[in-house]
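Visitor: This is query.cif, which holds mmCIF, C-alpha atoms:
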```cif
data_start
loop_
_atom_site.label_atom_id
_atom_site.label_comp_id
_atom_site.auth_asym_id
_atom_site.auth_seq_id
_atom_site.Cartn_x
_atom_site.Cartn_y
_atom_site.Cartn_z
CA MET S 1 48.86 252.55 78.59
CA LEU S 2 52.29 253.02 76.96
CA GLY S 3 53.22 256.47 75.81
CA LYS S 4 51.66 258.37 78.69
CA THR S 5 54.21 260.63 80.33
CA LYS S 6 54.37 262.68 83.47
CA ASN S 7 56.68 265.53 84.41
CA LYS S 8 57.68 266.34 87.93
CA ILE S 9 59.54 269.24 89.42
CA LYS S 10 61.51 267.85 92.28
CA MET S 11 64.88 268.70 93.71
CA TYR S 12 67.07 266.62 95.94
CA LEU S 13 70.23 267.09 97.92
CA ALA S 14 73.32 265.37 96.56
CA TRP S 15 73.81 263.60 99.90
CA ASN S 16 70.27 262.21 99.68
CA TYR S 17 70.90 260.58 96.30
CA ASP S 18 70.11 257.17 97.85
CA LYS S 19 66.75 258.46 99.08
CA GLU S 20 66.15 259.76 95.60
CA GLU S 21 66.77 256.23 94.26
CA GLU S 22 64.18 254.94 96.71
CA TYR S 23 61.73 257.57 95.55
CA ILE S 24 62.23 256.66 91.88
CA ASN S 25 61.82 252.97 92.81
CA SER S 26 58.57 253.77 94.60
CA MET S 27 57.35 255.57 91.47
CA SER S 28 58.31 252.46 89.49
CA LYS S 29 56.15 250.27 91.75
CA LYS S 30 53.26 252.62 91.04
CA GLY S 31 53.79 252.07 87.31
CA TRP S 32 55.74 255.21 86.48
CA GLN S 33 59.14 254.52 84.93
CA LEU S 34 61.82 257.19 84.90
CA LYS S 35 62.53 258.47 81.41
CA LYS S 36 64.90 261.26 82.31
CA GLY S 37 66.32 262.15 85.71
CA GLY S 38 67.70 265.44 86.84
CA LEU S 39 68.43 267.67 89.77
CA PHE S 40 65.33 269.79 89.25
CA HIS S 41 63.12 267.90 86.90
CA HIS S 42 62.06 264.30 86.22
CA SER S 43 59.99 262.77 83.52
CA TYR S 44 58.22 259.46 83.82
CA GLU S 45 56.54 257.13 81.40
CA LYS S 46 53.55 254.95 82.20
CA ASN S 47 54.76 251.37 82.10
CA ASP S 48 53.94 248.58 84.53
CA THR S 49 57.20 246.66 84.04
CA PRO S 50 59.06 247.08 87.33
CA TYR S 51 62.63 248.33 87.37
CA ARG S 52 65.24 249.10 90.00
CA TYR S 53 66.95 252.46 89.64
CA LYS S 54 70.45 253.57 90.60
CA ILE S 55 72.21 256.91 90.57
CA ASP S 56 75.98 257.09 90.27
CA PHE S 57 78.28 260.06 90.54
CA ASN S 58 81.29 260.38 88.27
CA THR S 59 82.51 263.58 86.67
CA LYS S 60 85.55 262.05 84.95
CA VAL S 61 83.54 259.92 82.54
CA LYS S 62 81.97 263.09 81.21
CA MET S 63 85.35 264.38 80.07
CA SER S 64 86.06 261.81 77.37
CA PHE S 65 83.72 259.98 75.04
CA GLU S 66 85.88 256.87 75.08
CA GLU S 67 85.74 256.71 78.89
CA HIS S 68 81.99 257.33 78.86
CA CYS S 69 81.50 254.34 76.54
CA ARG S 70 83.66 252.09 78.69
CA TYR S 71 81.74 253.23 81.78
CA ILE S 72 78.35 252.51 80.26
CA SER S 73 79.44 249.20 78.75
CA ILE S 74 80.53 247.92 82.19
CA PHE S 75 77.02 248.73 83.46
CA GLU S 76 75.31 247.26 80.41
CA GLU S 77 77.22 244.01 80.76
CA GLN S 78 75.51 243.50 84.09
CA GLY S 79 72.07 244.25 82.73
CA TRP S 80 71.86 247.94 83.57
CA GLU S 81 70.20 250.22 81.09
CA TYR S 82 71.66 253.72 80.86
CA ILE S 83 68.99 256.42 81.17
CA ASN S 84 70.73 259.78 81.17
CA SER S 85 73.32 261.96 82.89
CA THR S 86 73.07 265.39 84.42
CA ILE S 87 75.50 268.11 83.45
CA ASN S 88 77.32 267.93 86.78
CA GLY S 89 78.05 264.21 86.70
CA TRP S 90 75.11 262.22 88.08
CA HIS S 91 74.25 259.18 85.97
CA TYR S 92 70.93 257.35 86.03
CA PHE S 93 70.64 253.61 85.36
CA ARG S 94 67.90 251.02 85.61
CA LYS S 95 67.67 247.23 85.61
CA LEU S 96 64.65 245.04 85.05
CA TYR S 97 63.36 243.78 88.39
CA VAL S 98 63.08 240.03 88.62
CA PRO S 99 60.36 239.14 91.14
CA GLY S 100 61.75 237.26 94.10
CA SER S 101 65.34 238.39 93.53
CA SER S 102 67.31 239.89 96.40
CA GLU S 103 67.83 243.63 96.63
CA GLU S 104 71.55 242.91 96.78
CA ASP S 105 71.47 241.98 93.11
CA TYR S 106 70.74 245.64 92.37
CA GLU S 107 73.74 247.13 94.17
CA ILE S 108 76.29 248.90 92.01
CA TYR S 109 78.79 249.42 94.83
CA THR S 110 79.40 246.09 96.49
CA ASP S 111 82.18 247.07 98.85
CA ASN S 112 82.78 250.04 101.12
CA ILE S 113 86.09 251.08 99.55
CA SER S 114 84.63 251.61 96.08
CA LEU S 115 81.57 253.35 97.53
CA LYS S 116 83.85 255.72 99.46
CA GLU S 117 85.77 256.46 96.26
CA MET S 118 82.53 257.48 94.60
CA LEU S 119 81.44 259.61 97.55
CA SER S 120 84.81 261.31 97.84
CA ARG S 121 84.53 262.40 94.21
CA TRP S 122 81.56 264.40 95.40
CA THR S 123 83.02 265.63 98.70
CA VAL S 124 86.05 267.10 96.92
CA ILE S 125 83.70 269.30 94.92
CA ALA S 126 81.59 270.11 97.98
CA ARG S 127 84.74 271.27 99.80
CA PHE S 128 85.30 273.82 97.03
CA PHE S 129 81.78 275.13 97.53
CA GLN S 130 82.36 275.25 101.27
CA ALA S 131 85.57 277.24 100.85
CA PHE S 132 83.80 279.61 98.46
CA TYR S 133 80.96 280.30 100.90
CA LEU S 134 83.28 280.64 103.88
CA PHE S 135 85.39 283.17 101.99
CA TYR S 136 82.36 285.30 101.15
CA SER S 137 80.98 284.94 104.64
CA ILE S 138 84.19 286.34 106.15
CA LEU S 139 84.42 289.06 103.50
CA TYR S 140 80.88 290.29 104.13
CA ILE S 141 81.05 290.06 107.89
CA SER S 142 84.05 292.43 107.75
CA HIS S 143 82.09 294.71 105.39
CA TYR S 144 79.25 294.59 107.86
CA PHE S 145 81.36 295.66 110.83
CA LYS S 146 82.80 298.54 108.82
CA SER S 147 79.54 299.88 107.45
CA LYS S 148 76.80 298.45 109.72
CA ASN S 149 74.80 297.89 106.55
CA THR S 150 72.26 295.11 107.24
CA ILE S 151 72.46 293.77 103.68
CA TYR S 152 76.13 292.93 104.23
CA GLY S 153 75.15 291.25 107.47
CA MET S 154 72.47 289.21 105.73
CA ILE S 155 74.86 288.08 103.01
CA ALA S 156 77.38 287.06 105.68
CA LEU S 157 74.66 285.10 107.48
CA PHE S 158 73.31 283.29 104.44
CA THR S 159 76.71 282.44 103.00
CA PHE S 160 77.67 281.07 106.40
CA LEU S 161 74.50 278.99 106.48
CA ALA S 162 75.36 277.57 103.05
CA PHE S 163 78.85 276.76 104.37
CA ILE S 164 77.30 274.88 107.31
CA LEU S 165 74.84 273.00 105.08
CA PHE S 166 77.62 271.77 102.79
CA GLY S 167 79.51 270.69 105.91
CA VAL S 168 76.48 268.69 107.07
CA GLY S 169 76.26 267.13 103.59
CA ILE S 170 79.90 266.10 103.62
CA ARG S 171 79.41 264.45 107.04
CA ILE S 172 76.36 262.56 105.81
CA MET S 173 78.20 261.40 102.69
CA LYS S 174 81.14 260.16 104.75
CA LYS S 175 78.87 258.01 106.92
CA LYS S 176 77.33 256.08 104.04
CA LYS S 177 78.04 252.37 103.71
CA ALA S 178 77.61 249.70 101.08
CA HIS S 179 74.37 247.64 101.33
CA PRO S 180 72.43 250.40 103.06
CA LYS S 181 68.89 250.38 104.34
CA VAL S 182 67.37 253.55 102.99
CA LYS S 183 64.20 255.18 104.21
CA LEU S 184 62.09 257.48 102.12
CA SER S 185 62.04 261.05 103.29
CA LYS S 186 60.29 264.23 102.31
CA GLY S 187 63.63 265.85 101.64
CA TYR S 188 62.74 269.44 102.36
CA GLY S 189 66.38 270.19 103.22
CA VAL S 190 67.12 270.85 99.58
CA TYR S 191 64.81 273.84 99.57
CA LEU S 192 66.68 275.23 102.56
CA LEU S 193 70.02 274.84 100.79
CA VAL S 194 68.86 276.08 97.41
CA GLY S 195 67.01 278.94 99.13
CA THR S 196 70.11 279.91 101.08
CA MET S 197 72.29 279.85 97.99
CA LEU S 198 69.75 281.82 95.96
CA ILE S 199 69.21 284.45 98.65
CA SER S 200 72.91 285.07 99.18
CA PHE S 201 73.55 285.24 95.43
CA SER S 202 70.66 287.59 94.78
CA LEU S 203 71.72 289.88 97.63
CA MET S 204 75.25 289.98 96.25
CA LEU S 205 73.88 290.65 92.79
CA TYR S 206 71.64 293.39 94.16
CA LEU S 207 74.62 295.08 95.77
CA ALA S 208 76.74 294.66 92.68
CA ILE S 209 74.13 296.19 90.37
CA TRP S 210 72.46 298.89 92.43
CA GLY S 211 74.93 299.14 95.24
CA GLN S 212 73.67 301.18 98.10
CA TYR S 213 74.69 304.48 96.66
CA THR S 214 73.46 307.54 98.47
CA TYR S 215 74.98 309.54 95.70
CA LYS S 216 76.49 308.55 92.42
CA ILE S 217 77.77 310.63 89.57
CA ASP S 218 79.42 309.52 86.36
CA TYR S 219 80.39 312.70 84.58
CA THR S 220 82.40 313.12 81.37
CA SER S 221 83.04 316.52 79.83
CA GLN S 222 85.20 318.36 77.32
CA ILE S 223 86.83 321.34 78.94
CA ASN S 224 89.02 324.29 77.92
CA CYS S 225 90.09 327.51 79.61
CA TYR S 226 86.60 328.99 79.23
CA THR S 227 84.73 326.11 80.82
CA GLU S 228 82.86 327.08 83.92
CA ASP S 229 83.08 325.12 87.12
CA PHE S 230 80.56 322.38 87.77
CA ARG S 231 78.30 322.10 90.75
CA ASP S 232 75.93 319.35 91.87
CA ILE S 233 73.80 318.84 94.96
CA PHE S 234 72.76 315.65 96.74
CA THR S 235 70.88 314.76 99.88
CA VAL S 236 71.87 312.32 102.59
CA GLU S 237 68.76 310.79 104.13
CA LYS S 238 70.18 309.54 107.39
CA ASP S 239 73.16 309.99 109.66
CA GLY S 240 75.87 307.38 109.45
CA LEU S 241 79.21 306.21 108.27
CA TYR S 242 79.66 306.39 104.49
CA ASN S 243 82.28 305.24 102.01
CA LEU S 244 83.49 307.77 99.49
CA ASP S 245 84.98 306.70 96.16
CA ILE S 246 86.33 309.16 93.61
CA LYS S 247 88.00 308.51 90.33
CA CYS S 248 89.08 311.53 88.34
CA THR S 249 91.02 311.46 85.08
CA SER S 250 92.00 314.42 82.97
CA ASP S 251 94.44 315.24 80.17
CA ARG S 252 95.57 318.57 81.57
CA GLY S 253 95.20 321.05 84.40
CA LEU S 254 94.29 320.69 88.02
CA ILE S 255 90.86 319.36 88.88
CA MET S 256 89.66 320.10 92.40
CA ILE S 257 86.73 318.30 93.93
CA GLN S 258 85.12 319.72 97.02
CA ILE S 259 82.22 318.31 98.99
CA SER S 260 80.66 320.64 101.52
CA LYS S 261 77.63 321.10 103.70
CA ALA S 262 76.45 324.61 104.50
CA GLY S 263 79.88 326.03 103.71
CA VAL S 264 81.75 323.47 105.82
CA ILE S 265 84.12 321.45 103.64
CA ILE S 266 84.08 317.76 104.39
CA TYR S 267 86.19 316.60 101.50
CA ASN S 268 88.69 318.48 99.42
CA GLY S 269 91.05 316.92 96.94
CA GLY S 270 92.55 317.43 93.53
CA GLY S 271 95.09 316.62 90.88
CA MET S 272 95.37 316.06 87.16
CA GLY S 273 94.02 312.63 87.85
CA PHE S 274 93.48 311.01 91.21
CA ARG S 275 91.71 308.30 93.04
CA VAL S 276 90.08 307.92 96.42
CA SER S 277 88.81 304.55 97.50
CA ASN S 278 86.71 303.60 100.49
CA MET S 279 87.34 306.79 102.41
CA LEU S 280 85.22 306.66 105.55
CA LEU S 281 83.16 309.76 106.27
CA GLN S 282 80.78 310.41 109.14
CA LEU S 283 77.88 312.28 107.53
CA GLU S 284 74.83 313.93 109.03
CA LYS S 285 71.61 314.03 107.11
CA GLY S 286 71.06 317.06 104.94
CA GLU S 287 72.01 318.67 101.66
CA TYR S 288 75.54 318.49 100.32
CA THR S 289 77.24 320.38 97.52
CA VAL S 290 79.76 318.91 95.13
CA ASP S 291 82.00 321.46 93.44
CA VAL S 292 84.29 320.55 90.58
CA ILE S 293 86.75 323.37 89.90
CA TYR S 294 88.96 323.41 86.82
CA TYR S 295 92.29 325.23 87.00
CA LEU S 296 93.75 325.69 83.55
CA GLU S 297 94.97 329.22 82.61
CA ASP S 298 94.37 330.54 86.13
CA TYR S 299 96.58 327.85 87.61
CA LYS S 300 99.81 329.77 87.09
CA GLU S 301 98.54 332.88 88.85
CA LYS S 302 96.73 331.19 91.65
CA PHE S 303 99.52 328.80 92.65
CA ASN S 304 102.46 330.84 91.44
CA ALA S 305 103.55 327.79 89.51
CA SER S 306 106.94 327.13 87.95
CA GLU S 307 107.39 326.23 84.27
CA GLU S 308 108.20 322.68 85.29
CA LYS S 309 104.97 322.34 87.20
CA LEU S 310 103.03 323.76 84.23
CA GLU S 311 104.68 321.26 81.94
CA GLU S 312 103.87 318.46 84.36
CA LEU S 313 100.20 319.45 84.27
CA ASN S 314 100.31 319.81 80.47
CA LEU S 315 99.40 323.52 80.69
CA THR S 316 102.04 324.93 78.32
CA GLY S 317 100.15 324.60 75.02
CA ASN S 318 97.02 326.26 73.66
CA LEU S 319 94.51 326.26 76.51
CA GLU S 320 91.55 326.87 74.19
CA GLU S 321 91.92 323.34 72.91
CA MET S 322 89.36 320.96 74.37
CA SER S 323 90.51 318.17 76.66
CA GLU S 324 88.55 315.43 78.31
CA VAL S 325 87.70 315.13 81.98
CA LYS S 326 86.06 312.06 83.55
CA ILE S 327 84.74 312.13 87.06
CA LEU S 328 83.18 309.25 88.98
CA ILE S 329 81.95 309.85 92.50
CA GLY S 330 80.23 307.26 94.58
CA LEU S 331 79.00 307.57 98.13
CA LYS S 332 77.60 304.53 99.82
CA GLN S 333 76.87 303.17 103.24
CA MET L 334 108.02 246.67 96.49
CA LYS L 335 105.51 246.86 99.33
CA THR L 336 101.84 247.29 98.52
CA GLU L 337 98.62 247.59 100.48
CA PRO L 338 96.46 244.48 100.78
CA LEU L 339 94.09 244.20 97.82
CA THR L 340 90.34 244.42 98.28
CA GLU L 341 88.46 241.23 97.46
CA SER L 342 87.18 242.83 94.25
CA TYR L 343 90.69 243.77 93.08
CA PHE L 344 91.99 240.36 94.06
CA TYR L 345 89.34 238.44 92.16
CA ILE L 346 89.57 240.67 89.09
CA LEU L 347 93.32 240.06 88.83
CA LEU L 348 92.83 236.36 89.54
CA CYS L 349 90.18 235.97 86.85
CA LEU L 350 92.47 237.64 84.31
CA TYR L 351 95.52 235.58 85.28
CA ASN L 352 95.24 233.03 82.48
CA ASN L 353 93.35 234.88 79.78
CA PRO L 354 91.68 238.20 78.95
CA ARG L 355 87.99 238.60 79.87
CA HIS L 356 85.07 240.97 79.63
CA GLY L 357 83.77 242.76 82.71
CA TYR L 358 80.78 240.45 82.81
CA GLY L 359 82.97 237.36 82.59
CA ILE L 360 85.02 238.59 85.54
CA MET L 361 81.89 239.19 87.58
CA GLN L 362 80.48 235.71 86.89
CA GLU L 363 83.77 233.92 87.43
CA THR L 364 84.24 235.73 90.75
CA PHE L 365 80.75 234.76 91.82
CA THR L 366 81.41 231.11 91.01
CA LEU L 367 84.91 230.97 92.51
CA SER L 368 83.71 232.45 95.78
CA ASP L 369 80.58 230.26 95.96
CA GLY L 370 78.37 233.28 95.50
CA ARG L 371 79.91 235.27 98.33
CA VAL L 372 81.71 237.97 96.34
CA LYS L 373 79.63 240.00 93.93
CA ILE L 374 81.19 242.84 91.99
CA GLY L 375 78.64 245.52 91.15
CA SER L 376 79.05 247.70 88.08
CA GLY L 377 80.15 250.78 90.02
CA THR L 378 82.74 248.82 91.95
CA MET L 379 83.86 247.08 88.75
CA TYR L 380 84.27 250.32 86.84
CA GLY L 381 86.21 251.96 89.70
CA ALA L 382 88.50 248.96 90.15
CA VAL L 383 89.17 248.48 86.45
CA SER L 384 89.87 252.21 85.96
CA ASN L 385 92.25 252.33 88.91
CA MET L 386 94.07 249.21 87.84
CA MET L 387 94.42 250.51 84.30
CA LYS L 388 95.90 253.72 85.70
CA LYS L 389 98.35 251.69 87.79
CA ASP L 390 99.20 249.58 84.73
CA TRP L 391 98.13 246.31 86.37
CA ILE L 392 95.74 245.60 83.52
CA VAL L 393 95.21 246.93 79.99
CA GLU L 394 92.22 247.09 77.71
CA THR L 395 92.33 245.10 74.48
CA LYS L 396 89.90 244.61 71.66
CA SER L 397 88.50 241.17 71.00
CA ILE L 398 89.71 239.39 67.86
CA ASN L 399 86.32 237.73 67.49
CA PRO L 400 84.45 239.95 64.99
CA GLU L 401 81.11 239.10 66.64
CA ASP L 402 81.93 240.93 69.84
CA TYR L 403 84.74 243.25 68.82
CA ARG L 404 82.79 246.13 70.41
CA LYS L 405 83.04 244.55 73.83
CA ARG L 406 86.01 245.50 75.92
CA LEU L 407 88.43 242.86 77.06
CA TYR L 408 90.81 243.32 79.95
CA GLN L 409 94.21 241.74 80.07
CA ILE L 410 96.60 241.43 83.00
CA THR L 411 100.12 242.92 82.67
CA SER L 412 103.30 241.45 84.10
CA LEU L 413 103.13 244.10 86.84
CA GLY L 414 99.57 243.00 87.62
CA LYS L 415 100.69 239.37 87.88
CA GLN L 416 103.49 240.38 90.20
CA ILE L 417 101.07 242.28 92.45
CA LEU L 418 98.69 239.31 92.57
CA GLU L 419 101.48 236.86 93.36
CA GLN L 420 102.73 239.10 96.16
CA GLU L 421 99.23 239.27 97.58
CA ILE L 422 98.87 235.49 97.40
CA SER L 423 102.11 234.97 99.33
CA ARG L 424 100.96 237.54 101.88
CA LEU L 425 97.69 235.65 102.29
CA LYS L 426 99.56 232.33 102.55
CA GLN L 427 101.64 233.79 105.32
CA LEU L 428 98.49 234.86 107.17
CA VAL L 429 97.05 231.38 106.84
CA ASN L 430 100.31 229.74 107.89
CA SER L 431 100.60 231.98 110.94
CA SER L 432 97.06 231.11 111.96
CA ILE L 433 97.63 227.40 111.53
CA MET L 434 100.73 227.58 113.67
CA ILE L 435 98.92 229.31 116.51
CA ILE L 436 95.55 227.63 116.36
CA GLU L 437 96.72 224.08 115.69
CA GLY L 438 99.27 224.51 118.43
CA ARG L 439 102.49 224.05 116.52
CA VAL L 440 103.96 227.07 118.29
CA ASN L 441 103.14 228.26 121.75
#
```
How would this structure read if it were set down as structure tokens?
Guide:
Amino acid sequence: MLGKTKNKIKMYLAWNYDKEEEYINSMSKKGWQLKKGGLFHHSYEKNDTPYRYKIDFNTKVKMSFEEHCRYISIFEEQGWEYINSTINGWHYFRKLYVPGSSEEDYEIYTDNISLKEMLSRWTVIARFFQAFYLFYSILYISHYFKSKNTIYGMIALFTFLAFILFGVGIRIMKKKKAHPKVKLSKGYGVYLLVGTMLISFSLMLYLAIWGQYTYKIDYTSQINCYTEDFRDIFTVEKDGLYNLDIKCTSDRGLIMIQISKAGVIIYNGGGMGFRVSNMLLQLEKGEYTVDVIYYLEDYKEKFNASEEKLEELNLTGNLEEMSEVKILIGLKQ
Amino acid sequence: MKTEPLTESYFYILLCLYNNPRHGYGIMQETFTLSDGRVKIGSGTMYGAVSNMMKKDWIVETKSINPEDYRKRLYQITSLGKQILEQEISRLKQLVNSSIMIIEGRVN
């Protein structure tokens, strides 16, 4: 029978680690002994020798080899066999089960104070996660009220749910006591938490990568005094409030950017280099024109500019020489 | 120097080390015997207690001179650790004395 192995995909919530121990023990009674434990994946080996399993949490012992050895040797002295550790600090141990012995002989935390110390090592980390999710929840709810974009609203909702779930976990952890009576549970909660975290992350990622741009242009060009103006057209599909971002950089001259609809100018701005961020615009659906106008040699005439102004805009040299212009325009809901 | 009462595990660990250095397992067994099987120190509790007491300089880790088990870790009490234990013992004595006075009626 030896040598047969079995892999299982199973997740569990940190605050159900004691239920997880019970589950591994129940597998042991069925003749499956844990070979490697983990947060997502277990492997078992067919072996009818019964063991009792324990999971401990300690991130510090992972930091130094010396400490790790001391940690394991204290367990080994009492007959515990070290199985493995997960990357985030959960350690799996087992001890041969002596028939007729009391379950108390298989406790690793024998008083409440030391158990609380172990649990608080976890709650400190969980508090960081909570703070992280609360921060994003507040950030996205404010984005949502500004833009009325449902994706922002969904991110706010899911990050808030994750915040609540970690709060529930911390409460559960704080209630645990030494010498517990643990019941087996299905433990579906983990899928709720992992689902919530995954959904909020993927929505954030989706926004970060594709954004919700109605219009986006990333335009780089070499210009001189003969370069013609540039025009582009985009369509807005639905009425609403939009955010306009513009970043324009140039080595010389005045660059004007104009956005208009049927001859009505809705945005007009310019400079040698300039930046607009999160400018709110109420747009109706329809076709819009973007005009980029370069003023180089015609600048002096048009604006009746002084020598100082020309020097400031770097327009005193040879205007046939090419210079670089970079324009980034983003319009999103 | 005023300190918090020690937990039973801390108390017995210091007590077991009072006369000579011991291994973790030795401490656990000695505690079990001394307390007539009432106090058991599990590995997690032992590791936490030993680490904390090493940090506070109440005990130190030493290597065994015996070449057969030089890999095993021995723990040794420091003079600070002895002082802490003695303070705790006098605190406990006071508790017992107070109780005797009240319960056996020496003071009303």
Visitor: How would you write, as a PyMOL selection string, the residues chosen by the PyMOL selection byres ((chain L and resi 407-413) around 8) on this structure?
Guide: chain L and resi 347+350-351+353-357+390-397+405-406+414-417
Visitor: Could you check how far atom CA of L:Thr378 sits from atom CA of S:Tyr109, in Å to one decimal?
Guide: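 Taking atom CA of L:Thr378 as the start and atom CA of S:Tyr109 as the end point, the length is 4.9 Å.
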Visitor: Measuring between all atoms listed in the file, which one of S:Leu193, S:Cys69, S:Ile108, S:Ile217 shows the shortest distance to chain L?
Guide: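 So, comparing all the options, the nearest one is S:Ile108.
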Visitor: Return as a list in words the set of residues that the PyMOL selection byres ((chain S) within 7 of (chain L)) yields on the displayed structure.
Guide: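 What the PyMOL selection byres ((chain S) within 7 of (chain L)) grabs from the file is Tyr71, Ile74, Phe75, Glu77, Gln78, Glu107, Ile108, Tyr109, Thr110 and Ser114 of chain S.
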Visitor: Kindly give the distance, in Å, that separates atom CA of S:Gly89 and atom CA of S:Pro50, rounded to a single decimal.
Guide: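 Separation of atom CA of S:Gly89 and atom CA of S:Pro50: 25.6 Å.
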